[in-house]
Every structure is written in C-alpha cells, then in structure tokens.
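Peer 1: Structure file target-v7.pdb, PDB, C-alpha atoms, pLDDT in the B column, is pasted below:
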```pdb
ATOM      1  CA  ASP A   1      48.083  41.021  42.876  1.00 88.00           C
ATOM      2  CA  LEU A   2      49.918  40.180  39.637  1.00 89.00           C
ATOM      3  CA  HIS A   3      47.278  37.575  38.803  1.00 94.00           C
ATOM      4  CA  ALA A   4      44.460  40.035  39.524  1.00 93.00           C
ATOM      5  CA  TRP A   5      46.111  42.484  37.130  1.00 93.00           C
ATOM      6  CA  GLY A   6      46.154  39.839  34.377  1.00 95.00           C
ATOM      7  CA  MET A   7      49.916  39.400  34.347  1.00 92.00           C
ATOM      8  CA  ARG A   8      51.561  36.137  33.394  1.00 92.00           C
ATOM      9  CA  ILE A   9      54.432  35.036  35.633  1.00 93.00           C
ATOM     10  CA  HIS A  10      57.524  33.183  34.408  1.00 91.00           C
ATOM     11  CA  PHE A  11      60.671  32.129  36.238  1.00 90.00           C
ATOM     12  CA  ALA A  12      63.860  31.769  34.218  1.00 90.00           C
ATOM     13  CA  GLY A  13      66.608  29.870  35.976  1.00 91.00           C
ATOM     14  CA  ASP A  14      67.840  26.539  37.212  1.00 92.00           C
ATOM     15  CA  MET A  15      64.928  25.422  39.383  1.00 89.00           C
ATOM     16  CA  ALA A  16      66.383  21.925  39.743  1.00 88.00           C
ATOM     17  CA  ASP A  17      69.281  23.284  41.826  1.00 91.00           C
ATOM     18  CA  PRO A  18      69.082  21.403  45.159  1.00 92.00           C
ATOM     19  CA  ARG A  19      70.026  24.592  47.032  1.00 92.00           C
ATOM     20  CA  ILE A  20      66.589  26.053  46.231  1.00 92.00           C
ATOM     21  CA  PRO A  21      64.186  25.116  49.025  1.00 94.00           C
ATOM     22  CA  GLU A  22      61.337  22.864  47.881  1.00 94.00           C
ATOM     23  CA  ARG A  23      58.724  25.326  49.196  1.00 95.00           C
ATOM     24  CA  ASN A  24      60.142  28.002  46.872  1.00 94.00           C
ATOM     25  CA  ARG A  25      59.928  25.670  43.876  1.00 93.00           C
ATOM     26  CA  ILE A  26      56.325  24.824  44.793  1.00 94.00           C
ATOM     27  CA  HIS A  27      55.341  28.505  45.117  1.00 94.00           C
ATOM     28  CA  MET A  28      57.012  29.387  41.815  1.00 94.00           C
ATOM     29  CA  ALA A  29      55.304  26.493  39.997  1.00 94.00           C
ATOM     30  CA  GLU A  30      51.929  27.444  41.521  1.00 96.00           C
ATOM     31  CA  SER A  31      52.385  31.081  40.435  1.00 96.00           C
ATOM     32  CA  MET A  32      53.139  30.034  36.868  1.00 94.00           C
ATOM     33  CA  ARG A  33      50.171  27.626  36.755  1.00 97.00           C
ATOM     34  CA  LEU A  34      47.806  30.215  38.253  1.00 97.00           C
ATOM     35  CA  THR A  35      48.741  32.885  35.716  1.00 96.00           C
ATOM     36  CA  GLU A  36      49.442  30.802  32.585  1.00 95.00           C
ATOM     37  CA  GLN A  37      46.195  31.856  30.869  1.00 96.00           C
ATOM     38  CA  ASN A  38      46.617  35.568  31.629  1.00 96.00           C
ATOM     39  CA  THR A  39      47.062  37.765  28.584  1.00 93.00           C
ATOM     40  CA  GLY A  40      48.389  40.976  30.110  1.00 88.00           C
ATOM     41  CA  MET A  41      52.035  41.773  30.623  1.00 86.00           C
ATOM     42  CA  ASN A  42      54.533  38.942  30.986  1.00 85.00           C
ATOM     43  CA  VAL A  43      56.677  39.240  34.099  1.00 86.00           C
ATOM     44  CA  VAL A  44      59.883  37.203  34.017  1.00 86.00           C
ATOM     45  CA  PHE A  45      61.805  36.696  37.244  1.00 87.00           C
ATOM     46  CA  ALA A  46      65.453  35.744  36.686  1.00 84.00           C
ATOM     47  CA  PHE A  47      65.967  33.454  39.673  1.00 86.00           C
ATOM     48  CA  ASN A  48      69.135  31.363  39.944  1.00 91.00           C
ATOM     49  CA  TYR A  49      69.705  32.405  36.326  1.00 92.00           C
ATOM     50  CA  GLY A  50      72.734  32.758  34.114  1.00 94.00           C
ATOM     51  CA  SER A  51      72.559  33.075  30.364  1.00 95.00           C
ATOM     52  CA  GLN A  52      75.401  30.672  29.686  1.00 96.00           C
ATOM     53  CA  TRP A  53      73.539  28.095  31.815  1.00 95.00           C
ATOM     54  CA  GLU A  54      70.360  28.796  29.817  1.00 96.00           C
ATOM     55  CA  ILE A  55      72.039  28.308  26.434  1.00 97.00           C
ATOM     56  CA  ALA A  56      73.861  25.145  27.577  1.00 97.00           C
ATOM     57  CA  MET A  57      70.599  23.746  29.005  1.00 96.00           C
ATOM     58  CA  ALA A  58      68.782  24.534  25.742  1.00 97.00           C
ATOM     59  CA  ALA A  59      71.514  22.848  23.686  1.00 98.00           C
ATOM     60  CA  ARG A  60      71.360  19.782  25.943  1.00 97.00           C
ATOM     61  CA  ARG A  61      67.560  19.551  25.560  1.00 97.00           C
ATOM     62  CA  ALA A  62      67.813  19.917  21.776  1.00 98.00           C
ATOM     63  CA  ALA A  63      70.482  17.193  21.705  1.00 98.00           C
ATOM     64  CA  GLU A  64      68.254  14.914  23.804  1.00 98.00           C
ATOM     65  CA  ASP A  65      65.387  15.463  21.350  1.00 98.00           C
ATOM     66  CA  ALA A  66      67.703  14.688  18.428  1.00 98.00           C
ATOM     67  CA  VAL A  67      68.933  11.466  20.034  1.00 98.00           C
ATOM     68  CA  ALA A  68      65.338  10.457  20.779  1.00 98.00           C
ATOM     69  CA  GLY A  69      64.365  11.090  17.153  1.00 98.00           C
ATOM     70  CA  ARG A  70      62.048  14.025  17.946  1.00 97.00           C
ATOM     71  CA  LEU A  71      64.314  16.535  16.202  1.00 97.00           C
ATOM     72  CA  ASP A  72      66.251  16.438  12.956  1.00 97.00           C
ATOM     73  CA  PRO A  73      69.381  18.523  13.668  1.00 96.00           C
ATOM     74  CA  ALA A  74      69.330  19.753  10.058  1.00 95.00           C
ATOM     75  CA  ASP A  75      65.998  21.450  10.819  1.00 95.00           C
ATOM     76  CA  LEU A  76      67.228  23.324  13.906  1.00 96.00           C
ATOM     77  CA  ASP A  77      67.531  27.064  13.306  1.00 96.00           C
ATOM     78  CA  GLU A  78      67.382  30.143  15.537  1.00 94.00           C
ATOM     79  CA  ASP A  79      63.601  30.064  15.857  1.00 93.00           C
ATOM     80  CA  GLY A  80      63.577  26.336  16.565  1.00 95.00           C
ATOM     81  CA  PHE A  81      66.323  26.682  19.165  1.00 97.00           C
ATOM     82  CA  ARG A  82      64.337  29.394  20.962  1.00 96.00           C
ATOM     83  CA  ARG A  83      61.755  26.826  22.058  1.00 96.00           C
ATOM     84  CA  TYR A  84      64.408  25.223  24.255  1.00 97.00           C
ATOM     85  CA  LEU A  85      65.189  28.435  26.165  1.00 96.00           C
ATOM     86  CA  ALA A  86      63.968  28.981  29.720  1.00 93.00           C
ATOM     87  CA  VAL A  87      61.053  31.206  28.603  1.00 90.00           C
ATOM     88  CA  PRO A  88      60.538  30.297  24.925  1.00 92.00           C
ATOM     89  CA  ASP A  89      57.803  32.830  24.223  1.00 85.00           C
ATOM     90  CA  MET A  90      59.605  35.764  25.822  1.00 85.00           C
ATOM     91  CA  PRO A  91      60.133  38.434  23.162  1.00 84.00           C
ATOM     92  CA  ASP A  92      63.630  39.627  22.356  1.00 88.00           C
ATOM     93  CA  VAL A  93      64.941  42.501  24.419  1.00 88.00           C
ATOM     94  CA  ASP A  94      64.732  45.906  22.736  1.00 90.00           C
ATOM     95  CA  LEU A  95      66.573  48.010  25.302  1.00 90.00           C
ATOM     96  CA  VAL A  96      68.986  47.122  28.106  1.00 89.00           C
ATOM     97  CA  ILE A  97      69.472  49.885  30.649  1.00 89.00           C
ATOM     98  CA  ARG A  98      72.539  49.255  32.792  1.00 88.00           C
ATOM     99  CA  SER A  99      72.523  51.813  35.585  1.00 83.00           C
ATOM    100  CA  SER A 100      75.258  50.282  37.739  1.00 78.00           C
ATOM    101  CA  GLY A 101      78.115  52.219  36.212  1.00 78.00           C
ATOM    102  CA  GLU A 102      79.263  49.009  34.495  1.00 82.00           C
ATOM    103  CA  HIS A 103      79.529  48.628  30.715  1.00 86.00           C
ATOM    104  CA  ARG A 104      78.823  44.904  30.444  1.00 87.00           C
ATOM    105  CA  ILE A 105      75.812  42.597  30.424  1.00 86.00           C
ATOM    106  CA  SER A 106      77.045  40.136  33.053  1.00 87.00           C
ATOM    107  CA  ASN A 107      75.752  36.850  31.606  1.00 91.00           C
ATOM    108  CA  PHE A 108      72.199  38.175  31.348  1.00 89.00           C
ATOM    109  CA  LEU A 109      69.866  37.343  28.443  1.00 91.00           C
ATOM    110  CA  LEU A 110      72.683  36.803  25.945  1.00 94.00           C
ATOM    111  CA  TRP A 111      70.408  35.119  23.383  1.00 94.00           C
ATOM    112  CA  GLN A 112      67.447  37.468  23.834  1.00 92.00           C
ATOM    113  CA  ALA A 113      69.575  40.635  23.777  1.00 91.00           C
ATOM    114  CA  ALA A 114      71.369  39.785  20.522  1.00 91.00           C
ATOM    115  CA  TYR A 115      69.995  42.909  18.817  1.00 91.00           C
ATOM    116  CA  ALA A 116      69.174  45.006  21.871  1.00 92.00           C
ATOM    117  CA  GLU A 117      70.192  48.591  22.209  1.00 93.00           C
ATOM    118  CA  PHE A 118      72.272  49.326  25.295  1.00 93.00           C
ATOM    119  CA  TYR A 119      72.038  52.441  27.410  1.00 93.00           C
ATOM    120  CA  PHE A 120      74.523  53.298  30.143  1.00 93.00           C
ATOM    121  CA  PRO A 121      73.214  56.364  31.995  1.00 92.00           C
ATOM    122  CA  GLY A 122      76.194  56.840  34.305  1.00 86.00           C
ATOM    123  CA  ILE A 123      74.039  56.934  37.438  1.00 89.00           C
ATOM    124  CA  LEU A 124      73.467  54.234  39.990  1.00 88.00           C
ATOM    125  CA  TRP A 125      70.170  52.374  40.434  1.00 81.00           C
ATOM    126  CA  PRO A 126      68.975  54.227  43.544  1.00 84.00           C
ATOM    127  CA  ASP A 127      69.131  57.489  41.593  1.00 90.00           C
ATOM    128  CA  PHE A 128      67.493  56.093  38.455  1.00 89.00           C
ATOM    129  CA  ASP A 129      64.149  57.869  38.626  1.00 92.00           C
ATOM    130  CA  GLU A 130      61.305  58.589  36.207  1.00 92.00           C
ATOM    131  CA  ALA A 131      63.241  61.423  34.541  1.00 94.00           C
ATOM    132  CA  ALA A 132      66.209  59.096  33.950  1.00 93.00           C
ATOM    133  CA  PHE A 133      63.862  56.459  32.524  1.00 91.00           C
ATOM    134  CA  ARG A 134      62.266  58.992  30.193  1.00 94.00           C
ATOM    135  CA  GLU A 135      65.724  60.036  28.971  1.00 95.00           C
ATOM    136  CA  ALA A 136      66.633  56.390  28.311  1.00 93.00           C
ATOM    137  CA  ILE A 137      63.461  55.941  26.262  1.00 93.00           C
ATOM    138  CA  ALA A 138      64.091  59.198  24.378  1.00 96.00           C
ATOM    139  CA  GLU A 139      67.653  58.090  23.568  1.00 95.00           C
ATOM    140  CA  TYR A 140      66.330  54.727  22.379  1.00 94.00           C
ATOM    141  CA  GLY A 141      63.856  56.551  20.125  1.00 94.00           C
ATOM    142  CA  ARG A 142      66.676  58.492  18.457  1.00 95.00           C
ATOM    143  CA  ARG A 143      68.541  55.356  17.416  1.00 93.00           C
ATOM    144  CA  GLU A 144      68.368  53.661  14.032  1.00 89.00           C
ATOM    145  CA  ARG A 145      67.788  49.964  14.604  1.00 87.00           C
ATOM    146  CA  ARG A 146      69.097  47.655  11.895  1.00 84.00           C
ATOM    147  CA  PHE A 147      68.994  44.265  13.653  1.00 81.00           C
ATOM    148  CA  GLY A 148      72.363  43.306  12.171  1.00 78.00           C
ATOM    149  CA  GLY A 149      71.469  44.344   8.637  1.00 71.00           C
ATOM    150  CA  ALA A 150      73.607  46.515   6.433  1.00 64.00           C
ATOM    151  CA  VAL A 151      72.674  50.057   5.560  1.00 57.00           C
ATOM    152  CA  ASP A 152      72.659  51.173   1.945  1.00 55.00           C
ATOM    153  CA  ARG A 153      75.426  53.712   1.563  1.00 50.00           C
ATOM    154  CA  PRO A 154      76.087  55.864  -1.491  1.00 51.00           C
ATOM    155  CA  GLY A 155      78.941  54.611  -3.648  1.00 48.00           C
ATOM    156  CA  PRO A 156      81.925  56.719  -4.724  1.00 50.00           C
ATOM    157  CA  GLY A 157      80.902  59.899  -6.524  1.00 49.00           C
ATOM    158  CA  GLN A 158      77.260  59.665  -5.447  1.00 47.00           C
TER     159      GLN A 158
END
```
Take the structure in this file and express it as structure tokens.

Peer 2:
Amino acid sequence: DLHAWGMRIHFAGDMADPRIPERNRIHMAESMRLTEQNTGMNVVFAFNYGSQWEIAMAARRAAEDAVAGRLDPADLDEDGFRRYLAVPDMPDVDLVIRSSGEHRISNFLLWQAAYAEFYFPGILWPDFDEAAFREAIAEYGRRERRFGGAVDRPGPGQ
C-alpha cells in the first residue's frame, strides 16, 4: 500500500545485527528498492535503532573513507557528515512530541533533532488523539524558532 501511495520507505538501524532474521533483512531491502524512486512522503522505520549507534557508525564510515583517501578530514563539516547517517537525505526534525509522560529523547534522532522543538503534552500515547495533535501543532506554531542563533535585543536605555 505504501508503494501504491507513492511513499518512499527507509529503515534506520543496525541491519547487520545477527539477531535480525535474514528474511526480515530481505523484506526490508526489497521494500527500500521497490520504493526508492517514489517522490511522495518519506517513511522512516527506526528498527534496531539507537542514535548513539548511528553517530558512531557514521564516524566509523567517515574514518574509513579518510583512511582510504576518499575523504579529506579537513573538508568534513556538518553537511558532509550527514551523508554517513543511516538515512542521509532525511530532513531534520522540526517537532518532537513525547506523549509518554517522560521529558527525555531516549537516544532517538540526536543528530536530526538538534534544533527541534519539543512538546510534552502530559498525556499517554493511547489518549493522544486528533485534538491533542492539533494542540501540539498550534503550540509549535506559536514558538519563535531561532535554530541556535542569537536574537537581537535592545541595549541599555533603548
């Protein structure tokens, strides 16, 4: 169905883990190949995923490229490092909604959520309905996003 709807499927996680049955790896690879040319929504499944694993894996791959002469470490910046992540073309996260009652991100999308807004609704997932989602979006819309930049503030006497 996702393919018929034009969605592109990605899996982010350690697929080389021997605990993952081979048939699962085959089905995941087939799903990604089948949908790789789709231009609709990107659907990313975090399967056997941890963000610290992802960043360590990306650093290892960049180091391997540097040792092999395919990468000059002096040229590696944030954008260049992104290509080593599990889903390199996944856009950064704008809004993280954590409905579990927790106030943490639990090793999830640490790189991609660097400038995300966080929303903690205080209700649990089973109760997170359309009205709760609309409130999260409305709250997000009221925020001033600066992406780490400073805000001009009037000086003394102004």

Peer 1: Quick one: of A:Val43, A:Leu85, A:Ala136, A:Ala59, who's nearest to A:Ile9, counting all atoms listed in the file?

Peer 2: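 Under the stated criterion, the closest residue is A:Val43.
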
Peer 1: Specify as a list in words each residue included when the PyMOL selection byres ((chain A and resi 121) around 9) is applied to this file.

Peer 2: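 Residues picked by the PyMOL selection byres ((chain A and resi 121) around 9): Ile97, Arg98, Ser99, Ser100, Gly101, Tyr119, Phe120, Gly122, Ile123, Leu124, Phe128, Ala132, Glu135 and Ala136 of chain A.
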
Peer 1: Using only C-alpha atoms, which of the listed residues (A:Asp75, A:Met41, A:Phe147, A:Asn48) sits closest to A:Asp92?

Peer 2: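 Of all the options, A:Phe147 lies closest to A:Asp92.
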
Peer 1: Please indicate the distance in Å from atom CA of A:Gly13 to atom CA of A:Tyr140, rounded to one decimal place.

Peer 2: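 Computing it gives 28.3 Å between the two atoms.
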
Peer 1: Counting only C-alpha atoms, note down every residue that has an atom within 10 Å of the point (74.2, 50.4, 20.6) (file coordinates), as a PyMOL selection string.

Peer 2: chain A and resi 95-96+115-120+140+143-145

Peer 1: With distances taken over all atoms listed in the file, which of A:Phe47, A:Leu76, A:Leu71, A:Arg8 is nearest to A:Asn24?

Peer 2: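 Nearest candidate to A:Asn24 out of A:Phe47, A:Leu76, A:Leu71, A:Arg8: A:Phe47.
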
Peer 1: List the neighbours of A:Ala62 out to 9 Å using all atoms listed in the file; skip same-chain residues closer than 2 positions along the sequence, and give me the result as a list in words.

Peer 2: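 The neighbour list is Met57, Ala58, Ala59, Arg60, Glu64, Asp65, Ala66, Val67, Leu71, Pro73, Leu76, Phe81 and Tyr84 of chain A.
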
Peer 1: To one decimal in Å, tell me the separation between atom CA of A:Thr39 and atom CA of A:His10.

Peer 2: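 A separation of 12.8 Å between them.
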
Peer 1: Please provide as a PyMOL selection string all residues within 9 Å of A:Met90, with the sequence filter that same-chain residues fewer than 4 positions apart are discarded (counting all atoms listed in the file).

Peer 2: chain A and resi 42+44+86+112

Peer 1: I need the residue nearest A:Asn107 from this list: A:Gly6, A:Gly50, A:Gly40, A:Gly149. Use all atoms listed in the file for the distance.

Peer 2: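 Selected residue with least distance to A:Asn107: A:Gly50.
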
Peer 1: Since I can't run it myself right now, could you work out what the PyMOL selection byres ((chain A and resi 52) around 9) selects here and report it as a PyMOL selection string?

Peer 2: chain A and resi 49-51+53-57+107-110

Peer 1: Put the listed atoms of stretch 53-60 of chain A in a box along x, y and z with 4 Å added on every side and give me the centre and edge lengths in Å to one decimal, as JSON.

Peer 2:
```
{"center_x": 71.3, "center_y": 24.3, "center_z": 27.8, "size_x": 13.1, "size_y": 17.0, "size_z": 16.1}
```

Peer 1: Go through A:Pro91, A:Leu2, A:Ile137, A:Glu130 and flag the residue nearest A:Ala113, using all atoms listed in the file for the distances.

Peer 2: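 For A:Ala113, the nearest of the given residues is A:Pro91.
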
Peer 1: Could you tell me how far atom CA of A:Asp14 lies from atom CA of A:Pro126, in Å and to one decimal?

Peer 2: 28.4 Å
